[in-house]
Protein chains: 2
Amino acid sequence: LSSKFESLNYEICENQLYRDAELKSGHQINLRRIQLNRWIACFLIGICTAASGIVIDILVHKSADIKFRFILQPLVDRCDEGADTSGTGCMWLVQLAWMAYNCSMVFLAACLVIFWSPIAAGSGIPQIKCFLNGIHIPEVVNFKTLFVKVFGVSAAVAGGLCAGKEGPMIHSGGAIGALISQGKVHKKCDPGFFREFRNDREKRDFVSAGAAAGVAAAFGAPIGGVLFAIEEGASFWNQALTWRMFFSAMIASFSLNATLTYYFHQGGLLSWNGLANFGVFENKTYTIWEIPLFLLIGVIGGCTGALFNILNFKISEFRKKFVSNKWQRLLEALLVAAVSAFAGFVFLLVVDDCVPIGLGMNKTEGFNRLYCKKGEYSAVVNLFFVNPEEAVRNLFHSPIGSYKPSTLLMFSILYFVLSVWTFGLAVPSGVFIPALLTGAAWGRLYGLGVEKLFPNITGIDPGKYALMGAAAQLGGVVRMTISLTAILLEATKDMTFGLPIMLVLMIAKWVGDFLSEGLYDLCIELSEVPLLGWNAPKMARNITASTVMRPDIVAMEKRVRVGRVLEILSATSHQAFPLVDRIDESDVSRLPDYGRLEGYILRSQLLTLLKKRAYRYEWEEDLVGSMVSEDEFLDADCRESQTPVSEEDEQAWVDLSPYMHAHPHRVPLNASLPFIYRLFRGLGLRYLMVVNEDNRLRGIITRKDVARFK
Amino acid sequence: LSSKFESLNYEICENQLYRDAELKSGHQINLRRIQLNRWIACFLIGICTAASGIVIDILVHKSADIKFRFILQPLVDRCDEGADTSGTGCMWLVQLAWMAYNCSMVFLAACLVIFWSPIAAGSGIPQIKCFLNGIHIPEVVNFKTLFVKVFGVSAAVAGGLCAGKEGPMIHSGGAIGALISQGKVHKKCDPGFFREFRNDREKRDFVSAGAAAGVAAAFGAPIGGVLFAIEEGASFWNQALTWRMFFSAMIASFSLNATLTYYFHQGGLLSWNGLANFGVFENKTYTIWEIPLFLLIGVIGGCTGALFNILNFKISEFRKKFVSNKWQRLLEALLVAAVSAFAGFVFLLVVDDCVPIGLGMNKTEGFNRLYCKKGEYSAVVNLFFVNPEEAVRNLFHSPIGSYKPSTLLMFSILYFVLSVWTFGLAVPSGVFIPALLTGAAWGRLYGLGVEKLFPNITGIDPGKYALMGAAAQLGGVVRMTISLTAILLEATKDMTFGLPIMLVLMIAKWVGDFLSEGLYDLCIELSEVPLLGWNAPKMARNITASTVMRPDIVAMEKRVRVGRVLEILSATSHQAFPLVDRIDESDVSRLPDYGRLEGYILRSQLLTLLKKRAYRYEWEEDLVGSMVSEDEFLDADCRESQTPVSEEDEQAWVDLSPYMHAHPHRVPLNASLPFIYRLFRGLGLRYLMVVNEDNRLRGIITRKDVARFK
Ligand SMILES: Nc1ncnc2c1ncn2[C@@H]1O[C@H](COP(=O)(O)OP(=O)(O)OP(=O)(O)O)[C@@H](O)[C@H]1O
Ligand SMILES: Nc1ncnc2c1ncn2[C@@H]1O[C@H](COP(=O)(O)OP(=O)(O)OP(=O)(O)O)[C@@H](O)[C@H]1O
Ligand SMILES: [Mg+2]
Ligand SMILES: [Mg+2]
């Protein structure tokens, strides 16, 4: 496991200051104010997440506009004029322009990511999952990442990559949650809002609210968002938090809807809409004999999903080894952009699937004119040259006959390959929409097959099968069930297919789990993040605390000289130090014999104490009490370097007792690993002390020590 | 807090036997088998819950059939013949027959409850909530209760009470979960299935799956079911459990659908359906300026909901004091049944609301003929004399003009009063449907008002407002948000109104919480169940373990004489006894001085040890090891009386070390109450040991001791 990730402190440091705070007058009112502020923060998170969604949507929309209106249309028009003479040559021109545009967009996205915020690459869901699990991945929820994510994903999607904007939206939501709750953009730009939320515990809760809002904005699915945060994210969770998550999600999807309806001139008519709008299934239904057919789709989805994961994992491993250089990564991104665009054109040329207008929807007139006769349009264009959400919608709702089976087959394979290659590139890109699109394509093909098999039965609609295929493929890749059901139902605004979607997702998950891990888990494994799973590893009952713990503890006494503190801080990189009543270092060859456990103190607290010069030159017994107030610890940063201290000061005494956590969690030496695991998992601990039968400190266990056991 | 409720043991007893089990060969396979069995059990739970739903539905249906076809119709026909001569007299006859039928049905339900299973009264949701929270309410999930619940609720609904069948369905689901997972119907009827699930921990998980399945069956809302179990119930929860709950819920709603469609001759066409079917909103939408109107509905709902709760609480208190006798309770139930039926007729006479046929739906022909001219039907009949789900559907979907405002006003007030009175009667009855119906009535009235106010705007549909009113009223009563949103959306099979429903529910909850507690919480408060809330009480940081704990511990040493065990078992009623290495009782006036904490043992374990005669007459140091296998503890029952022991045996020694939980959770004396609360809540503990700085036992804290702090 990588040591570059620190754990978050979910535990409340219950020290003297914390207890005294309650005795102050006005504490009740203060609590109520904080409670209110929580809701206000959640409201703001909802609004801002919606705003970021709106920015992404409008940017993508505008970019498509520019591409078609100002670049392609003139070219196509020019071609039209000289149609007879230079047919093919002209087409190449269009293609070149198209590729150039796409590549420049992807160049932008990749540059942002590679040179500014590498963490913003990919979907961001694994990162958010890790954060919520209790791991601090550096920079994962700061402003830079948010900025790069929002503009990067817009550029990547505008650049025609097989990438979705939904995963990045969720990451953006999480980042917004963190930023707003901390009430500052950066250390240097700190208006001082919401100071009471400046600890990892609160931050983590707001990040989960932000993630829920992100899903809500992306799919117009507030319930799905909450379920997503519960199913995938929030390891530590309670009822009040659920309500706040729900509130954020609701506000996000509401304000996104309201704004976008105005923007697209639907003025005031609030339909249920997110960024991903898959259209409504109207008057469609299914009968009981179709259930086995759906189940088979689930099986296929599980297999193809697992295949996706395995291939992508291989590519990622390859990338990690051989495409590590910045320029190489940039080049790879450009290459994928070029290949994606090129593949589209080749596909267009090879598959000659022109359908009379009226059968399906058509949008991209320019292309149609280029490749089809008047009064016809190209089915391929409707898949490859529109934005992917629209392509999914087309596959779901186009009437029978809109697509040839061969087109669907080739498209799904091509898109599958491209999306395997794309996911993990150095651009912000999600996997939801590509998976849905791949699945919708093969699902529709499957539907056509079913129709062939049962020619006498009416009511078999390939669109329905496309929906199931989409669900199966996505379920096979990400292995979510309930949240995905809710998301798909909310995104299609329809309840009719709820039951089959659930069945399909469940089957896809089972089959997929049998073959490989989920995509996000593979990502996490690859980046060596010490994620704490839901359950303790099997066969661990006989592993005891004494094997899990580190016995060579660095501990202190409660009253300690500044010099000693400095020494420890510079000699070790630990984040917490147990405090004991006596350290007996008589025998140098062995570990010192520690006395009774009295508490522990964090590195950040020690740094603050030194910075505030909270020490005394003379030790007087009656001069107890804290010299630093609780507030001053708020902005403590363990990554700060320590302030220099004069030689005289080194002899001074610090009294740590008012600041230490006075009753840390402890287990005896014979506690089993599952027992320890449940403690860490259930309470969100970071440190656990191991004591012997006399309550003498014998070892320390961190979250990471536990996560090491798989 | 009442002492008649014991806590459940959610904690795994990690003793030597448990550890040794892992070392046996075949343990891996065993684990896998158990895992598979979990899914199988969940499948069965889904199926059986659906079956109980089907039974209820068909019974209610059949009863209505009998009532109308064989009793009322002939009477009405007879009246028709002699219409001119004895108009009113005849009506009284119909009314009498109607009342007699209803009363006999309610009599049946009340007798079942009062004389057989008193715990089956009411909705059952509070009971399930308590069970999931970790409290064993006697008989709450056994077969008798299930039986009474299923048949009782059918009779109560058939008896025309203002009662829903949804709450009882959820309780039934929970009971089914418990029964199936324990693999036995009764102690005496035990085929021995699923023996591995015979502990409170597993049972609790299956009960939550059953509850989810119950919601799914009742409303056709699997997602709502899972959310319900998460939001209201499952205090201790993890991802795998969520998936299993979801699976149960899915299976339940699927098999219920499939069966009911066949029963009602829709053969194979699976629509999305539960017992409560509120019909689909088609082609309805809303615009942004209606949002404030919806919010106002939320406020009203919060107020009327709180009013409902307060009034019902007062009535319940009154009942507890003055209607405690069995016969009194039976009489009250009959009285309510009679009044309900009578009120309907009076209402019918007073409000003369006949509407031309064609405007709305009409069903109950007999009555229409009695009160309205030919070609007309009575709007009142459509509200009062159909089953409540149908009434809700009528209010949602009838066209404008189907109901006069005065009818709606009077109906909502009347129904409100009746349902306040009904909830808490000695019959199984839920509050969901009555609240929805009341809300739908005043919501529709509100809609008519809005229409009057803005006569120029088209698209104001009172049905829409009826939906919002229903949501608001129910939300104001039960104070759920996400789960209720999901349930309502799934039950109306429509996503369009998702956002306003959420807003309304959120507002209703806020307003309601400001005025009173939720209905279920009031029920729980009234029955003095020691429920452990989500968060520690405020202002508790300075309450420490030393004040919470019981210092006068009854403890034992690990090696103890049988006589001593017997003495302790009979002298105390505690369920667990700490084990220490030494007990120093030198000074009789003070509490004994306990040595180091070594573990604890449960009463049920001690009883089993005595029953199996696991003791030795001579104490030999080398004869260690367990004399009873893990399996034999499975059917341990702490409520069993102990086996008699001969005088000689009393001198024998028991070695408790292989059976005790060897590393119980412990806190120091200075641990704060919130800290302790988090431990209990996060890990589902029942016992917590308090030790001093030398790890010597100083006190014991039970779940109930903590729940006492509010
Ligand atoms: N005060 C300490 N004295 C001795 N060893 C410690 C102490 N704190 C942590 N350790 C051990 O040192 C190892 C790594 O040290 P580190 O302090 O970085 O913790 P970590 O496991 O990385 O967790 P975190 O994510 O909190 O940094 C761990 O195995 C941990 O058990
Ligand atoms: N072994 C024990 N010795 C002394 N006091 C105990 C012991 N076990 C429990 N108690 C205390 O006795 C009181 C009531 O006893 P009881 O054993 O019934 O526990 P309880 O609080 O009712 O919890 P439960 O629901 O587990 O029965 C509680 O205050 C508890 O702290
Ligand atoms: Mg570290
Ligand atoms: Mg008790």
# chains A, B, ... in the order shown; residues from 1 in each chain; ligands from 1
$ residues_near_ligand --ligand "ligand 2" --cutoff "7 Å" --atoms "only C-alpha atoms and all ligand atoms" --output "PyMOL selection string"
chain B and resi 3+5-7+549-550+552-555+573-578+686+700-705
$ write_last_selection --atoms "C-alpha atoms" --output "compact mmCIF listing (two decimals), in the first residue's frame"
# COMPACT_ATOMS: atom_id res chain seq x y z
CA SER B 3 -37.82 -3.48 31.98
CA PHE B 5 -37.85 -5.47 26.98
CA GLU B 6 -34.52 -7.20 26.71
CA SER B 7 -31.85 -6.13 24.29
CA MET B 549 -22.28 2.73 34.73
CA ARG B 550 -23.59 0.43 37.45
CA ASP B 552 -22.37 -2.85 41.93
CA ILE B 553 -21.35 -5.49 39.48
CA VAL B 554 -22.20 -9.17 39.74
CA ALA B 555 -19.06 -10.78 38.41
CA SER B 573 -31.83 -11.34 36.47
CA HIS B 574 -28.85 -9.97 34.59
CA GLN B 575 -28.13 -11.40 31.19
CA ALA B 576 -24.38 -11.14 31.25
CA PHE B 577 -21.71 -11.48 33.87
CA PRO B 578 -18.22 -10.07 33.62
CA ARG B 686 -25.34 -4.62 24.41
CA ILE B 700 -20.94 -2.25 33.58
CA ILE B 701 -23.03 -0.26 31.13
CA THR B 702 -25.90 -1.80 29.19
CA ARG B 703 -27.60 -0.52 26.10
CA LYS B 704 -30.55 0.39 28.25
CA ASP B 705 -28.45 2.41 30.68
$ residues_around --residues "range 180-182 of chain B" --least-positions-apart "4" --cutoff "12 Å" --atoms "only C-alpha atoms" --output "number ranges by chain"
B: 34, 37-49, 141-143, 172-176, 186-187, 189-210, 634-635
$ residues_around --residues "range 441-446 of chain A" --least-positions-apart "6" --cutoff "12 Å" --atoms "only C-alpha atoms" --output "ChimeraX atom specification"
/A:293-294,296-298,300-301,304,380,383-384,388,391-416,434-435,452-453,460-474,504
$ residues_around --residues "Leu656 in chain A" --least-positions-apart "5" --cutoff "8 Å" --atoms "only C-alpha atoms" --output "ChimeraX atom specification"
/A:558-560,601
$ atom_distance --atom1 "CA of Ala440 in chain A" --atom2 "CA of Val355 in chain A"
19.5 Å
$ residues_around --residues "Ile543 in chain A" --least-positions-apart "4" --cutoff "9 Å" --atoms "only C-alpha atoms" --output "list in words"
Met539, Thr547, Val548, Asn670, Ala671, Ser672, Leu673 and Pro674 of chain A
$ write_last_selection --atoms "N, CA, C and O atoms" --output "mmCIF file, in the first residue's frame"
data_model
loop_
_atom_site.group_PDB
_atom_site.id
_atom_site.type_symbol
_atom_site.label_atom_id
_atom_site.label_comp_id
_atom_site.auth_asym_id
_atom_site.auth_seq_id
_atom_site.Cartn_x
_atom_site.Cartn_y
_atom_site.Cartn_z
ATOM 1 N N MET A 539 -11.167 -15.863 7.329
ATOM 2 C CA MET A 539 -10.137 -16.633 8.020
ATOM 3 C C MET A 539 -9.195 -15.732 8.810
ATOM 4 O O MET A 539 -7.979 -15.863 8.720
ATOM 5 N N THR A 547 -0.351 -9.267 16.550
ATOM 6 C CA THR A 547 0.323 -9.385 15.257
ATOM 7 C C THR A 547 0.051 -8.182 14.367
ATOM 8 O O THR A 547 0.875 -7.815 13.534
ATOM 9 N N VAL A 548 -1.106 -7.574 14.529
ATOM 10 C CA VAL A 548 -1.463 -6.455 13.656
ATOM 11 C C VAL A 548 -0.729 -5.184 14.072
ATOM 12 O O VAL A 548 -0.330 -4.380 13.252
ATOM 13 N N ASN A 670 -5.233 -9.694 22.915
ATOM 14 C CA ASN A 670 -5.826 -10.888 22.298
ATOM 15 C C ASN A 670 -7.041 -10.588 21.421
ATOM 16 O O ASN A 670 -7.719 -11.497 20.967
ATOM 17 N N ALA A 671 -7.325 -9.304 21.173
ATOM 18 C CA ALA A 671 -8.462 -8.978 20.312
ATOM 19 C C ALA A 671 -8.216 -9.490 18.905
ATOM 20 O O ALA A 671 -7.093 -9.427 18.409
ATOM 21 N N SER A 672 -9.262 -9.997 18.259
ATOM 22 C CA SER A 672 -9.064 -10.587 16.937
ATOM 23 C C SER A 672 -9.190 -9.538 15.846
ATOM 24 O O SER A 672 -9.754 -8.460 16.059
ATOM 25 N N LEU A 673 -8.665 -9.859 14.677
ATOM 26 C CA LEU A 673 -8.705 -8.902 13.574
ATOM 27 C C LEU A 673 -10.122 -8.506 13.179
ATOM 28 O O LEU A 673 -10.397 -7.322 12.998
ATOM 29 N N PRO A 674 -11.061 -9.441 13.061
ATOM 30 C CA PRO A 674 -12.421 -9.004 12.710
ATOM 31 C C PRO A 674 -13.002 -8.033 13.729
ATOM 32 O O PRO A 674 -13.689 -7.076 13.366
#
$ select_by_dssp --residues "range 109-175 of chain A" --states "strand (DSSP E or B)" --output "MDAnalysis selection string"
chainID A and resid 122 135:136 164
$ closest_residue --among "B:Leu334, B:Leu505, B:Leu75, B:Val654" --to "chain A" --atoms "only C-alpha atoms"
B:Leu505
$ closest_residue --among "B:Pro530, B:Ile583, B:Gly53, B:Glu598" --to "ligand 4" --atoms "only C-alpha atoms and all ligand atoms"
B:Pro530
$ residues_around --residues "Ala652 in chain A" --least-positions-apart "4" --cutoff "8 Å" --atoms "only C-alpha atoms" --output "list in words"
Arg561, Val562, Gly563, Tyr615, Arg616, Tyr617, Glu618 and Glu648 of chain A
$ residues_around --residues "range 489-499 of chain B" --least-positions-apart "5" --cutoff "10 Å" --atoms "only C-alpha atoms" --output "number ranges by chain"
A: 220-223, 250-251, 253-254, 270-273, 489-496, 498; B: 216, 218-224, 271-286, 291, 393, 396, 464, 467-468, 483-484, 504-505
$ write_last_selection --atoms "C-alpha atoms" --output "PDB file, in the first residue's frame"
ATOM      1  CA  GLY A 220     -31.669  14.285 -12.625  1.00  0.00           C
ATOM      2  CA  ALA A 221     -31.777  11.574 -10.011  1.00  0.00           C
ATOM      3  CA  PRO A 222     -31.861  12.810  -6.417  1.00  0.00           C
ATOM      4  CA  ILE A 223     -32.898   9.462  -4.969  1.00  0.00           C
ATOM      5  CA  MET A 250     -32.884  17.837  -4.485  1.00  0.00           C
ATOM      6  CA  ILE A 251     -31.695  21.409  -4.665  1.00  0.00           C
ATOM      7  CA  SER A 253     -31.471  18.748  -9.577  1.00  0.00           C
ATOM      8  CA  PHE A 254     -34.116  21.380  -9.089  1.00  0.00           C
ATOM      9  CA  LEU A 270     -40.077  21.935 -15.252  1.00  0.00           C
ATOM     10  CA  SER A 271     -39.633  18.564 -16.688  1.00  0.00           C
ATOM     11  CA  TRP A 272     -37.580  16.023 -14.814  1.00  0.00           C
ATOM     12  CA  ASN A 273     -34.248  16.425 -16.374  1.00  0.00           C
ATOM     13  CA  LEU A 489     -35.424   4.892 -13.503  1.00  0.00           C
ATOM     14  CA  GLU A 490     -35.103   8.537 -12.692  1.00  0.00           C
ATOM     15  CA  ALA A 491     -33.155   9.255 -15.852  1.00  0.00           C
ATOM     16  CA  THR A 492     -35.724   7.556 -18.065  1.00  0.00           C
ATOM     17  CA  LYS A 493     -38.543   9.101 -16.024  1.00  0.00           C
ATOM     18  CA  ASP A 494     -40.356   5.867 -16.094  1.00  0.00           C
ATOM     19  CA  MET A 495     -41.208   3.194 -13.613  1.00  0.00           C
ATOM     20  CA  THR A 496     -42.520   0.523 -15.927  1.00  0.00           C
ATOM     21  CA  GLY A 498     -38.143  -0.982 -12.798  1.00  0.00           C
TER      22      GLY A 498
ATOM     23  CA  ALA B 216     -42.121  -3.607  -1.631  1.00  0.00           C
ATOM     24  CA  ALA B 218     -47.420  -3.199  -0.058  1.00  0.00           C
ATOM     25  CA  PHE B 219     -46.620  -0.412  -2.470  1.00  0.00           C
ATOM     26  CA  GLY B 220     -44.880  -2.169  -5.319  1.00  0.00           C
ATOM     27  CA  ALA B 221     -41.873  -0.147  -4.273  1.00  0.00           C
ATOM     28  CA  PRO B 222     -38.658  -2.149  -3.910  1.00  0.00           C
ATOM     29  CA  ILE B 223     -36.418   0.909  -3.839  1.00  0.00           C
ATOM     30  CA  GLY B 224     -38.740   2.559  -1.386  1.00  0.00           C
ATOM     31  CA  SER B 271     -47.528  -3.794 -14.680  1.00  0.00           C
ATOM     32  CA  TRP B 272     -45.787  -2.156 -11.777  1.00  0.00           C
ATOM     33  CA  ASN B 273     -48.161  -2.806  -9.018  1.00  0.00           C
ATOM     34  CA  GLY B 274     -48.449  -3.296  -5.311  1.00  0.00           C
ATOM     35  CA  LEU B 275     -51.362  -3.674  -3.008  1.00  0.00           C
ATOM     36  CA  ALA B 276     -51.703   0.068  -3.017  1.00  0.00           C
ATOM     37  CA  ASN B 277     -52.194   1.165  -6.552  1.00  0.00           C
ATOM     38  CA  PHE B 278     -52.779   4.842  -6.970  1.00  0.00           C
ATOM     39  CA  GLY B 279     -52.959   4.925 -10.716  1.00  0.00           C
ATOM     40  CA  VAL B 280     -50.727   6.674 -13.177  1.00  0.00           C
ATOM     41  CA  PHE B 281     -50.569  10.397 -13.749  1.00  0.00           C
ATOM     42  CA  GLU B 282     -50.486  10.734 -17.434  1.00  0.00           C
ATOM     43  CA  ASN B 283     -49.635  13.834 -19.360  1.00  0.00           C
ATOM     44  CA  LYS B 284     -49.654  15.938 -16.250  1.00  0.00           C
ATOM     45  CA  THR B 285     -46.991  18.451 -15.555  1.00  0.00           C
ATOM     46  CA  TYR B 286     -46.331  21.496 -13.453  1.00  0.00           C
ATOM     47  CA  ILE B 291     -43.743  25.500  -6.495  1.00  0.00           C
ATOM     48  CA  ARG B 393     -57.132   6.927  -6.810  1.00  0.00           C
ATOM     49  CA  PHE B 396     -55.997  11.767  -7.790  1.00  0.00           C
ATOM     50  CA  LYS B 464     -51.996  17.030  -8.842  1.00  0.00           C
ATOM     51  CA  LEU B 467     -51.178  14.052  -4.708  1.00  0.00           C
ATOM     52  CA  MET B 468     -49.209  16.783  -2.994  1.00  0.00           C
ATOM     53  CA  SER B 483     -38.183   6.591   1.550  1.00  0.00           C
ATOM     54  CA  LEU B 484     -41.589   8.188   1.286  1.00  0.00           C
ATOM     55  CA  VAL B 504     -43.395  18.957   0.098  1.00  0.00           C
ATOM     56  CA  LEU B 505     -42.143  16.076   2.223  1.00  0.00           C
TER      57      LEU B 505
END
$ select_by_dssp --residues "range 528-635 of chain B" --states "helix (DSSP H, G or I)" --output "PyMOL selection string"
chain B and resi 545-548+562-571+603-611+630-633
$ closest_residue --among "A:Thr145, A:Asn133, A:Ser324, A:Ser52" --to "ligand 1" --atoms "only C-alpha atoms and all ligand atoms"
A:Asn133
